[in-house]
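Next up, structure.tsv (TSV, C-alpha atoms):
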```tsv
chain	number	residue	atom	x	y	z
A	934	MET	CA	-18.57	-3.25	-37.71
A	935	PRO	CA	-18.12	-0.72	-40.55
A	936	GLY	CA	-17.46	2.91	-39.81
A	937	ILE	CA	-20.41	5.13	-38.95
A	938	ASP	CA	-20.80	8.46	-40.74
A	939	ILE	CA	-20.82	11.25	-38.17
A	940	GLY	CA	-21.07	13.77	-40.98
A	941	ILE	CA	-19.75	14.31	-44.50
A	942	GLY	CA	-16.23	14.89	-43.27
A	943	LYS	CA	-15.96	12.46	-40.37
A	944	SER	CA	-16.72	8.84	-39.59
A	945	GLY	CA	-16.03	6.70	-36.56
A	946	ARG	CA	-16.20	3.18	-35.20
A	947	ALA	CA	-18.94	2.01	-32.89
A	948	ALA	CA	-17.60	1.21	-29.42
A	949	PHE	CA	-19.25	-0.54	-26.49
A	950	GLY	CA	-19.12	-0.40	-22.73
A	951	PHE	CA	-19.81	-3.25	-20.35
A	952	ASP	CA	-23.55	-2.47	-20.20
A	953	ALA	CA	-23.84	-3.09	-23.94
A	954	ILE	CA	-22.69	-6.70	-23.92
A	955	GLY	CA	-23.66	-10.05	-22.45
A	956	ILE	CA	-21.68	-13.29	-22.16
A	957	VAL	CA	-23.19	-16.25	-24.01
A	958	PRO	CA	-23.35	-19.66	-22.25
A	959	SER	CA	-21.58	-22.49	-24.04
A	960	ARG	CA	-22.74	-26.08	-24.49
A	961	ARG	CA	-21.50	-27.10	-21.03
A	962	THR	CA	-21.50	-25.90	-17.44
A	963	ARG	CA	-18.88	-26.62	-14.77
A	964	ASP	CA	-18.62	-27.13	-11.04
A	965	PRO	CA	-17.43	-23.80	-9.54
A	966	ALA	CA	-14.93	-25.78	-7.43
A	967	ASP	CA	-13.18	-26.81	-10.65
A	968	ILE	CA	-12.65	-23.23	-11.83
A	969	SER	CA	-9.17	-21.66	-11.65
A	970	LEU	CA	-8.87	-17.88	-11.33
A	971	ALA	CA	-5.07	-17.97	-11.25
A	972	TRP	CA	-2.89	-15.90	-13.56
A	973	GLU	CA	0.83	-15.24	-13.89
A	974	ILE	CA	2.86	-12.24	-14.91
A	975	ASP	CA	6.55	-12.88	-15.46
A	976	ALA	CA	7.69	-15.10	-12.55
A	977	TYR	CA	4.82	-14.16	-10.25
A	978	ARG	CA	1.62	-16.15	-9.81
A	979	PHE	CA	-1.60	-14.83	-8.28
A	980	ASP	CA	-4.72	-16.68	-7.19
A	981	LEU	CA	-7.05	-13.78	-8.01
A	982	PRO	CA	-6.92	-11.69	-11.22
A	983	VAL	CA	-7.05	-8.39	-9.33
A	984	VAL	CA	-4.61	-5.49	-9.13
A	985	ALA	CA	-5.13	-2.58	-6.77
A	986	ALA	CA	-4.98	0.84	-8.35
A	987	PRO	CA	-1.83	2.72	-7.29
A	988	ALA	CA	-3.76	5.40	-5.47
A	989	ASP	CA	-3.29	6.62	-1.91
A	990	ALA	CA	-6.98	6.19	-1.13
A	991	VAL	CA	-6.69	2.49	-2.03
A	992	SER	CA	-3.14	1.26	-1.45
A	993	SER	CA	-1.17	1.67	1.75
A	994	PRO	CA	1.62	-0.72	2.71
A	995	ALA	CA	-0.90	-2.50	4.96
A	996	THR	CA	-3.61	-2.91	2.30
A	997	THR	CA	-1.00	-3.94	-0.27
A	998	MET	CA	0.07	-6.75	2.04
A	999	ALA	CA	-3.55	-7.68	2.82
A	1000	LEU	CA	-4.43	-7.91	-0.87
A	1001	GLY	CA	-1.35	-10.01	-1.50
A	1002	ALA	CA	-2.36	-12.38	1.28
A	1003	LEU	CA	-5.77	-12.81	-0.42
A	1004	GLY	CA	-4.11	-13.73	-3.71
A	1005	GLY	CA	-4.12	-10.41	-5.56
A	1006	LEU	CA	-1.51	-7.79	-6.41
A	1007	GLY	CA	-1.30	-4.56	-4.45
A	1008	VAL	CA	0.52	-1.59	-5.98
A	1009	LEU	CA	1.94	1.18	-3.82
A	1010	ASN	CA	2.01	4.72	-5.20
A	1011	ALA	CA	5.75	5.47	-5.00
A	1012	GLU	CA	5.09	9.20	-5.14
A	1013	GLY	CA	2.17	9.17	-2.71
A	1014	LEU	CA	1.64	10.18	0.88
A	1015	TRP	CA	3.44	7.12	2.28
A	1016	THR	CA	6.65	8.20	0.57
A	1017	ARG	CA	6.29	11.84	1.56
A	1018	TYR	CA	5.37	11.55	5.24
A	1019	GLU	CA	6.55	9.34	8.06
A	1020	GLU	CA	3.00	9.16	9.47
A	1021	PRO	CA	0.36	9.98	6.81
A	1022	GLU	CA	-2.59	8.53	8.75
A	1023	PRO	CA	-3.49	11.79	10.56
A	1024	PHE	CA	-3.70	13.57	7.21
A	1025	LEU	CA	-5.97	10.87	5.81
A	1026	GLU	CA	-8.23	11.18	8.85
A	1027	GLU	CA	-8.35	14.94	8.33
A	1028	LEU	CA	-9.19	14.58	4.62
A	1029	ALA	CA	-12.12	12.31	5.46
A	1030	THR	CA	-13.74	15.13	7.46
A	1031	LEU	CA	-13.44	17.81	4.78
A	1032	GLU	CA	-15.93	18.82	2.14
A	1033	ASP	CA	-14.86	18.23	-1.46
A	1034	GLU	CA	-13.53	21.71	-2.29
A	1035	GLU	CA	-11.62	21.93	0.97
A	1036	ALA	CA	-10.29	18.41	0.50
A	1037	THR	CA	-8.96	19.27	-2.95
A	1038	LYS	CA	-7.08	22.28	-1.59
A	1039	ARG	CA	-5.68	20.23	1.26
A	1040	LEU	CA	-4.58	17.46	-1.10
A	1041	ARG	CA	-2.60	19.95	-3.15
A	1042	GLN	CA	-0.90	21.17	0.00
A	1043	LEU	CA	-0.05	17.66	1.17
A	1044	TYR	CA	1.39	16.57	-2.18
A	1045	ALA	CA	3.60	19.67	-2.28
A	1046	GLU	CA	5.90	17.89	0.20
A	1047	PRO	CA	8.73	16.24	-1.77
A	1048	VAL	CA	9.05	12.47	-2.05
A	1049	ASP	CA	11.65	11.01	0.32
A	1050	PRO	CA	13.76	8.23	-1.29
A	1051	GLU	CA	14.43	6.77	2.16
A	1052	LEU	CA	10.70	6.35	2.72
A	1053	ILE	CA	10.39	4.65	-0.69
A	1054	ALA	CA	13.01	2.14	0.41
A	1055	ARG	CA	11.36	1.54	3.78
A	1056	ARG	CA	7.84	1.08	2.40
A	1057	ILE	CA	8.94	-1.37	-0.30
A	1058	ALA	CA	11.09	-3.30	2.18
A	1059	GLU	CA	8.11	-3.56	4.51
A	1060	ILE	CA	5.96	-5.04	1.75
A	1061	ARG	CA	8.65	-7.47	0.58
A	1062	ASP	CA	9.37	-8.63	4.13
A	1063	SER	CA	5.72	-9.67	4.46
A	1064	GLY	CA	6.22	-12.27	1.74
A	1065	VAL	CA	4.01	-10.76	-0.97
A	1066	VAL	CA	5.03	-9.35	-4.34
A	1067	ALA	CA	6.26	-5.77	-3.94
A	1068	ALA	CA	4.93	-3.56	-6.75
A	1069	ALA	CA	5.24	0.21	-6.93
A	1070	ALA	CA	3.95	2.78	-9.42
A	1071	LEU	CA	5.24	6.02	-10.88
A	1072	ARG	CA	3.72	8.47	-13.30
A	1073	PRO	CA	5.65	8.73	-16.59
A	1074	GLN	CA	6.83	12.25	-15.77
A	1075	LYS	CA	8.42	11.01	-12.53
A	1076	VAL	CA	10.17	7.91	-13.89
A	1077	ARG	CA	13.49	9.66	-14.54
A	1078	SER	CA	13.73	11.22	-11.10
A	1079	LEU	CA	12.33	8.44	-8.90
A	1080	SER	CA	12.80	5.09	-10.66
A	1081	GLY	CA	16.32	4.75	-9.28
A	1082	ALA	CA	15.07	4.88	-5.70
A	1083	VAL	CA	12.26	2.41	-6.47
A	1084	LEU	CA	14.56	-0.07	-8.18
A	1085	ASP	CA	17.28	0.24	-5.54
A	1086	ALA	CA	14.66	-0.62	-2.92
A	1087	GLY	CA	14.26	-4.05	-4.52
A	1088	VAL	CA	10.81	-3.71	-6.06
A	1089	ASP	CA	9.59	-6.91	-7.74
A	1090	LEU	CA	7.40	-5.23	-10.34
A	1091	LEU	CA	7.34	-1.64	-11.60
A	1092	VAL	CA	4.14	0.02	-12.82
A	1093	ILE	CA	4.28	3.13	-15.02
A	1094	HIS	CA	0.77	4.48	-14.80
A	1095	GLY	CA	-0.83	7.62	-16.16
A	1096	THR	CA	-4.09	8.82	-17.66
A	1097	ALA	CA	-2.80	8.04	-21.15
A	1098	VAL	CA	0.67	6.59	-21.69
A	1099	SER	CA	2.30	6.29	-25.10
A	1100	ALA	CA	5.47	4.62	-26.28
A	1101	GLU	CA	6.46	7.81	-28.09
A	1102	HIS	CA	6.05	11.13	-26.28
A	1103	GLN	CA	7.25	14.20	-28.15
A	1104	SER	CA	8.30	17.44	-26.49
A	1105	ARG	CA	10.42	20.48	-27.39
A	1106	ARG	CA	10.74	21.46	-23.73
A	1107	SER	CA	12.37	18.34	-22.31
A	1108	GLU	CA	13.91	15.06	-23.30
A	1109	PRO	CA	11.09	12.52	-23.52
A	1110	LEU	CA	11.19	9.16	-21.78
A	1111	ASN	CA	12.10	6.38	-24.21
A	1112	LEU	CA	10.03	3.53	-22.81
A	1113	LYS	CA	11.60	0.86	-24.99
A	1114	GLN	CA	15.12	1.81	-23.96
A	1115	PHE	CA	14.15	2.24	-20.31
A	1116	ILE	CA	12.35	-1.10	-20.02
A	1117	GLY	CA	15.04	-2.89	-22.01
A	1118	ASP	CA	17.66	-1.88	-19.43
A	1119	LEU	CA	15.70	-3.26	-16.46
A	1120	ASP	CA	15.84	-6.63	-14.76
A	1121	VAL	CA	12.31	-6.34	-13.31
A	1122	PRO	CA	9.03	-6.68	-15.24
A	1123	VAL	CA	7.19	-3.47	-16.07
A	1124	VAL	CA	3.47	-2.85	-16.50
A	1125	VAL	CA	2.53	0.33	-18.41
A	1126	GLY	CA	-0.68	2.21	-19.19
A	1127	GLY	CA	-3.33	3.43	-19.62
A	1128	CYS	CA	-4.12	3.01	-23.23
A	1129	ALA	CA	-7.34	2.53	-25.15
A	1130	SER	CA	-6.57	1.56	-28.74
A	1131	PHE	CA	-5.10	-1.30	-30.76
A	1132	SER	CA	-2.17	0.76	-32.06
A	1133	THR	CA	-1.17	2.24	-28.69
A	1134	ALA	CA	-1.44	-1.12	-26.94
A	1135	LEU	CA	0.70	-2.71	-29.66
A	1136	HIS	CA	3.35	0.02	-29.38
A	1137	LEU	CA	3.46	-0.39	-25.60
A	1138	MET	CA	3.85	-4.14	-25.98
A	1139	ARG	CA	6.78	-3.56	-28.33
A	1140	THR	CA	8.60	-1.67	-25.58
A	1141	GLY	CA	9.09	-4.97	-23.76
A	1142	ALA	CA	6.40	-4.37	-21.14
A	1143	ALA	CA	5.14	-7.46	-19.32
A	1144	GLY	CA	1.64	-5.98	-19.16
A	1145	VAL	CA	-0.43	-3.07	-20.41
A	1146	ILE	CA	-3.17	-1.29	-18.49
A	1147	VAL	CA	-6.25	-0.59	-20.60
A	1148	GLY	CA	-8.58	2.28	-19.80
A	1149	VAL	CA	-8.47	6.03	-20.39
A	1150	GLY	CA	-10.92	8.23	-18.57
A	1151	PRO	CA	-13.37	5.71	-17.10
A	1152	GLY	CA	-11.98	5.30	-13.56
A	1153	GLY	CA	-13.36	6.57	-10.26
A	1154	GLY	CA	-12.75	10.27	-9.63
A	1155	ASP	CA	-11.65	10.83	-13.24
A	1156	THR	CA	-13.19	13.57	-15.39
A	1157	THR	CA	-10.93	13.11	-18.43
A	1158	ARG	CA	-13.86	12.40	-20.74
A	1159	SER	CA	-15.79	15.52	-19.78
A	1160	VAL	CA	-12.75	17.82	-19.59
A	1161	LEU	CA	-10.74	16.58	-22.57
A	1162	GLY	CA	-13.28	14.53	-24.52
A	1163	VAL	CA	-10.80	11.63	-24.50
A	1164	GLY	CA	-11.87	8.07	-23.72
A	1165	VAL	CA	-13.05	4.77	-25.18
A	1166	PRO	CA	-15.80	2.49	-23.79
A	1167	MET	CA	-14.15	-0.32	-21.89
A	1168	ALA	CA	-15.43	-3.44	-23.67
A	1169	THR	CA	-14.10	-2.18	-27.00
A	1170	ALA	CA	-10.85	-0.88	-25.49
A	1171	ILE	CA	-10.12	-4.28	-23.92
A	1172	ALA	CA	-11.01	-6.20	-27.06
A	1173	ASP	CA	-8.73	-3.94	-29.14
A	1174	ALA	CA	-5.84	-4.47	-26.70
A	1175	ALA	CA	-6.46	-8.21	-26.79
A	1176	GLY	CA	-6.24	-8.02	-30.58
A	1177	ALA	CA	-2.93	-6.18	-30.25
A	1178	ARG	CA	-1.72	-8.93	-27.95
A	1179	MET	CA	-2.50	-11.54	-30.62
A	1180	ARG	CA	-0.61	-9.49	-33.23
A	1181	TYR	CA	2.38	-9.07	-30.92
A	1182	LEU	CA	2.34	-12.72	-29.90
A	1183	ASP	CA	2.76	-13.61	-33.56
A	1184	GLU	CA	5.39	-11.00	-34.44
A	1185	SER	CA	7.48	-11.64	-31.30
A	1186	GLY	CA	7.54	-15.38	-31.73
A	1187	GLY	CA	5.34	-16.19	-28.75
A	1188	ARG	CA	5.87	-13.45	-26.15
A	1189	TYR	CA	2.61	-13.01	-24.21
A	1190	VAL	CA	1.79	-9.56	-22.79
A	1191	HIS	CA	-0.89	-9.33	-20.12
A	1192	VAL	CA	-3.86	-7.00	-20.48
A	1193	ILE	CA	-5.10	-5.40	-17.26
A	1194	ALA	CA	-8.46	-3.62	-17.46
A	1195	HIS	CA	-8.88	-0.46	-15.40
A	1196	GLY	CA	-11.99	1.65	-15.21
A	1197	GLY	CA	-15.75	1.30	-15.01
A	1198	ILE	CA	-15.53	-1.96	-13.06
A	1199	ARG	CA	-17.99	-1.93	-10.18
A	1200	THR	CA	-19.63	-5.38	-10.07
A	1201	GLY	CA	-18.83	-9.03	-10.53
A	1202	GLY	CA	-20.56	-8.86	-13.90
A	1203	ASP	CA	-18.18	-6.09	-14.98
A	1204	VAL	CA	-15.21	-8.23	-13.91
A	1205	ALA	CA	-16.55	-11.20	-15.90
A	1206	LYS	CA	-17.18	-9.09	-19.01
A	1207	ALA	CA	-13.67	-7.59	-18.80
A	1208	ILE	CA	-12.12	-11.07	-18.79
A	1209	ALA	CA	-14.47	-12.31	-21.54
A	1210	CYS	CA	-13.39	-9.36	-23.71
A	1211	GLY	CA	-9.75	-10.42	-23.34
A	1212	ALA	CA	-8.35	-9.06	-20.08
A	1213	ASP	CA	-6.07	-11.20	-17.92
A	1214	ALA	CA	-6.86	-9.23	-14.76
A	1215	VAL	CA	-8.71	-6.13	-13.57
A	1216	MET	CA	-7.37	-3.10	-11.74
A	1217	LEU	CA	-9.83	-1.82	-9.13
A	1218	ASP	CA	-10.07	1.60	-7.52
A	1219	THR	CA	-13.41	2.73	-6.05
A	1220	PRO	CA	-14.59	-0.78	-5.04
A	1221	LEU	CA	-11.44	-1.15	-2.92
A	1222	ALA	CA	-11.61	2.45	-1.68
A	1223	ALA	CA	-15.01	1.60	-0.13
A	1224	THR	CA	-13.58	-1.14	2.11
A	1225	ILE	CA	-13.02	-0.89	5.84
A	1226	GLU	CA	-9.26	-1.24	5.43
A	1227	ALA	CA	-8.92	1.44	2.73
A	1228	PRO	CA	-6.71	4.36	3.82
A	1229	GLY	CA	-9.04	6.85	2.12
A	1230	ARG	CA	-11.87	5.96	4.53
A	1231	GLY	CA	-14.41	5.79	1.73
A	1232	SER	CA	-12.91	8.61	-0.34
A	1233	PHE	CA	-11.12	8.16	-3.65
A	1234	TRP	CA	-9.06	10.61	-5.67
A	1235	SER	CA	-6.55	10.39	-8.48
A	1236	MET	CA	-3.34	12.38	-8.85
A	1237	ASP	CA	-5.10	14.42	-11.55
A	1238	VAL	CA	-6.87	16.27	-8.75
A	1239	LEU	CA	-3.60	18.12	-8.15
A	1240	TYR	CA	-3.57	20.05	-11.43
A	1241	ASP	CA	-4.70	23.57	-10.58
A	1242	ASP	CA	-4.42	24.92	-14.16
A	1243	LEU	CA	-6.59	22.20	-15.73
A	1244	PRO	CA	-7.95	19.87	-13.03
A	1245	ARG	CA	-9.23	16.53	-14.34
A	1246	GLY	CA	-10.01	14.75	-11.12
A	1247	LEU	CA	-12.35	14.97	-8.20
A	1248	ARG	CA	-12.77	13.29	-4.88
A	1249	VAL	CA	-15.44	10.60	-4.81
A	1250	ARG	CA	-16.95	9.60	-1.46
A	1251	GLN	CA	-18.95	6.46	-0.75
A	1252	PRO	CA	-20.17	4.52	2.29
A	1253	VAL	CA	-17.75	2.12	3.97
A	1254	GLU	CA	-19.69	-1.07	4.62
A	1255	ALA	CA	-17.53	-4.10	3.83
A	1256	SER	CA	-14.09	-5.55	4.39
A	1257	LEU	CA	-11.54	-6.14	1.67
A	1258	ARG	CA	-12.17	-9.87	1.95
A	1259	ASP	CA	-15.95	-9.39	1.63
A	1260	VAL	CA	-15.59	-7.29	-1.52
A	1261	LEU	CA	-13.19	-9.68	-3.20
A	1262	VAL	CA	-14.13	-13.19	-2.08
A	1263	GLY	CA	-17.25	-12.83	0.07
A	1264	PRO	CA	-19.54	-13.77	1.57
A	1265	ALA	CA	-21.97	-11.37	-0.07
A	1266	PRO	CA	-24.99	-10.16	1.96
A	1267	VAL	CA	-26.32	-8.14	-1.03
A	1268	ASN	CA	-27.46	-9.29	-4.46
A	1269	ASP	CA	-26.22	-6.41	-6.63
A	1270	GLY	CA	-22.84	-7.93	-7.51
A	1271	THR	CA	-20.77	-5.43	-5.53
A	1272	ARG	CA	-19.52	-8.03	-3.05
A	1273	ASN	CA	-17.63	-11.27	-3.61
A	1274	LEU	CA	-16.51	-9.98	-7.01
A	1275	PHE	CA	-14.40	-13.02	-7.73
A	1276	GLY	CA	-17.04	-15.41	-6.51
A	1277	CYS	CA	-19.17	-13.75	-9.19
A	1278	LEU	CA	-16.43	-14.33	-11.75
A	1279	ARG	CA	-16.09	-17.96	-10.71
A	1280	ALA	CA	-19.86	-18.48	-11.00
A	1281	ALA	CA	-19.94	-16.77	-14.40
A	1282	MET	CA	-17.21	-19.07	-15.68
A	1283	ALA	CA	-18.94	-22.12	-14.25
A	1284	THR	CA	-22.28	-21.09	-15.77
A	1285	THR	CA	-20.77	-20.56	-19.20
A	1286	GLY	CA	-18.54	-23.64	-19.06
A	1287	TYR	CA	-14.98	-22.26	-18.92
A	1288	ALA	CA	-12.36	-23.65	-16.53
A	1289	THR	CA	-9.56	-21.06	-16.80
A	1290	LEU	CA	-9.23	-17.35	-17.47
A	1291	LYS	CA	-7.57	-17.92	-20.83
A	1292	GLU	CA	-10.46	-20.17	-21.88
A	1293	PHE	CA	-12.95	-17.57	-20.68
A	1294	GLN	CA	-11.27	-14.92	-22.85
A	1295	LYS	CA	-12.63	-16.86	-25.82
A	1296	ALA	CA	-16.23	-16.76	-24.61
A	1297	GLU	CA	-18.84	-15.56	-27.07
A	1298	VAL	CA	-20.35	-12.16	-26.29
A	1299	MET	CA	-23.33	-10.41	-27.81
A	1300	VAL	CA	-24.32	-6.78	-28.11
A	1301	THR	CA	-27.82	-5.93	-26.96
A	1302	ASN	CA	-30.22	-4.42	-29.51
A	1303	ASP	CA	-30.45	-1.16	-27.60
A	1304	TYR	CA	-26.81	-0.44	-28.39
A	1305	LEU	CA	-26.78	-1.34	-32.08
A	1306	VAL	CA	-26.72	1.53	-34.51
```
Using the file provided, produce a representation of the structure as structure tokens.
Amino acid sequence: MPGIDIGIGKSGRAAFGFDAIGIVPSRRTRDPADISLAWEIDAYRFDLPVVAAPADAVSSPATTMALGALGGLGVLNAEGLWTRYEEPEPFLEELATLEDEEATKRLRQLYAEPVDPELIARRIAEIRDSGVVAAAALRPQKVRSLSGAVLDAGVDLLVIHGTAVSAEHQSRRSEPLNLKQFIGDLDVPVVVGGCASFSTALHLMRTGAAGVIVGVGPGGGDTTRSVLGVGVPMATAIADAAGARMRYLDESGGRYVHVIAHGGIRTGGDVAKAIACGADAVMLDTPLAATIEAPGRGSFWSMDVLYDDLPRGLRVRQPVEASLRDVLVGPAPVNDGTRNLFGCLRAAMATTGYATLKEFQKAEVMVTNDYLV
């Protein structure tokens, strides 16, 4: 679509969220039993294209193992409460009883405790010993100080996750992290993000990352768009990253980088649209935070809630009514698409005639008239 004139001195592209698009059926349908939802990243294969957000309200060692047993990928926050406290459960119970303003203050107090490298090693060992893939996440600003402890613990997959991650960070105050050099020196696959544009996704792929996380500002508990004005609607962000993947696949001689969509994904329809726009998997936060097993007990918050000079996060609370299994693979007692998310994806693929995720990425989508300029 050509650029849209915002005014005489500025133009911009049209961008679309999930609500603006629909997936077009093809000339065939398929038996849902014949549909494969499997995907692989590096040497690891998963039966469900789902990654848990590396947030303390979502991912404990126990929920990471439970998600792995269901076929997904859990990601432990390596600088979270489980690596700061021997027994974080009492604090999580306390947080669940507090009003939002009090909870924010208490969160800042709890995260003031330093990360314990010994606890990092113990948590990752616990996950690995269960037989699932052990993945742990760090924010870019903590990679230098904590990546050694994470890697020494034997993590299978490292996630570098922030609100907006770039391959080239410039600073006159400190030496910036060179992602390409850092990733090139590692023996484990790395997933990096978020990003929301073709150029940033392409630069992150050129660092040697095995996957990029797409989404800036649309996740649960995130106020980046209202505070900073930064963010891109998810359908367009994913499609741009998928375009970058095609460019990089060609220039690298066939190296495939996975696109993981994070943000604004609440229903099975959102999951299906994310894959149809080009994602290989989705990263979930608030849908998993609302499960019975979630450590946040229905609450969700991001690490951005800790910034007292310019806070960009808030705690989101929601009813706890379903198990992790119910949310991911059913059964679904409601008809709004919030349960059995991957049963919804399987049915969408069967209805539109695609047998694998990579085939479904090529599905035709249309923009509804209400969203056309």
Exercise. Neighbours of stretch 1002-1010 of chain A within 9 Å (all atoms listed in the file; same-chain residues fewer than 3 positions away dropped), as a PyMOL selection string?
Worked result: chain A and resi 971+978-989+991-994+996-999+1013-1016+1056-1057+1064-1071+1090-1092+1258+1261-1262
Long-range neighbours of A:Glu1026 as an mmCIF file with C-alpha atoms, in the coordinates of the input, 12 Å cut-off, all atoms listed in the file, 5 positions minimum in chain:
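Written file, out38.cif:
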```cif
data_model
loop_
_atom_site.group_PDB
_atom_site.id
_atom_site.type_symbol
_atom_site.label_atom_id
_atom_site.label_comp_id
_atom_site.auth_asym_id
_atom_site.auth_seq_id
_atom_site.Cartn_x
_atom_site.Cartn_y
_atom_site.Cartn_z
ATOM 1 C CA ALA A 990 -6.980 6.190 -1.130
ATOM 2 C CA GLU A 1020 3.000 9.160 9.470
ATOM 3 C CA PRO A 1021 0.360 9.980 6.810
ATOM 4 C CA LEU A 1031 -13.440 17.810 4.780
ATOM 5 C CA ALA A 1036 -10.290 18.410 0.500
ATOM 6 C CA ALA A 1227 -8.920 1.440 2.730
ATOM 7 C CA PRO A 1228 -6.710 4.360 3.820
ATOM 8 C CA GLY A 1229 -9.040 6.850 2.120
ATOM 9 C CA ARG A 1230 -11.870 5.960 4.530
ATOM 10 C CA GLY A 1231 -14.410 5.790 1.730
ATOM 11 C CA SER A 1232 -12.910 8.610 -0.340
#
```
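Shortest atom-to-atom contact with A:Gly955 among A:Gly1202, A:Gly1276, A:Pro1266, A:Gly936: A:Gly1202, counting all atoms listed in the file.
Distances from A:Ser1099, A:Asn1268, A:Thr962, A:Thr1169 to A:Phe949 were compared using all atoms listed in the file, and the smallest one belongs to A:Thr1169.
Closest approach to A:Leu1257 from the set A:Leu1000, A:Ala1142, A:Ala1214, A:Ala1174 is made by A:Leu1000, with distances taken over all atoms listed in the file.
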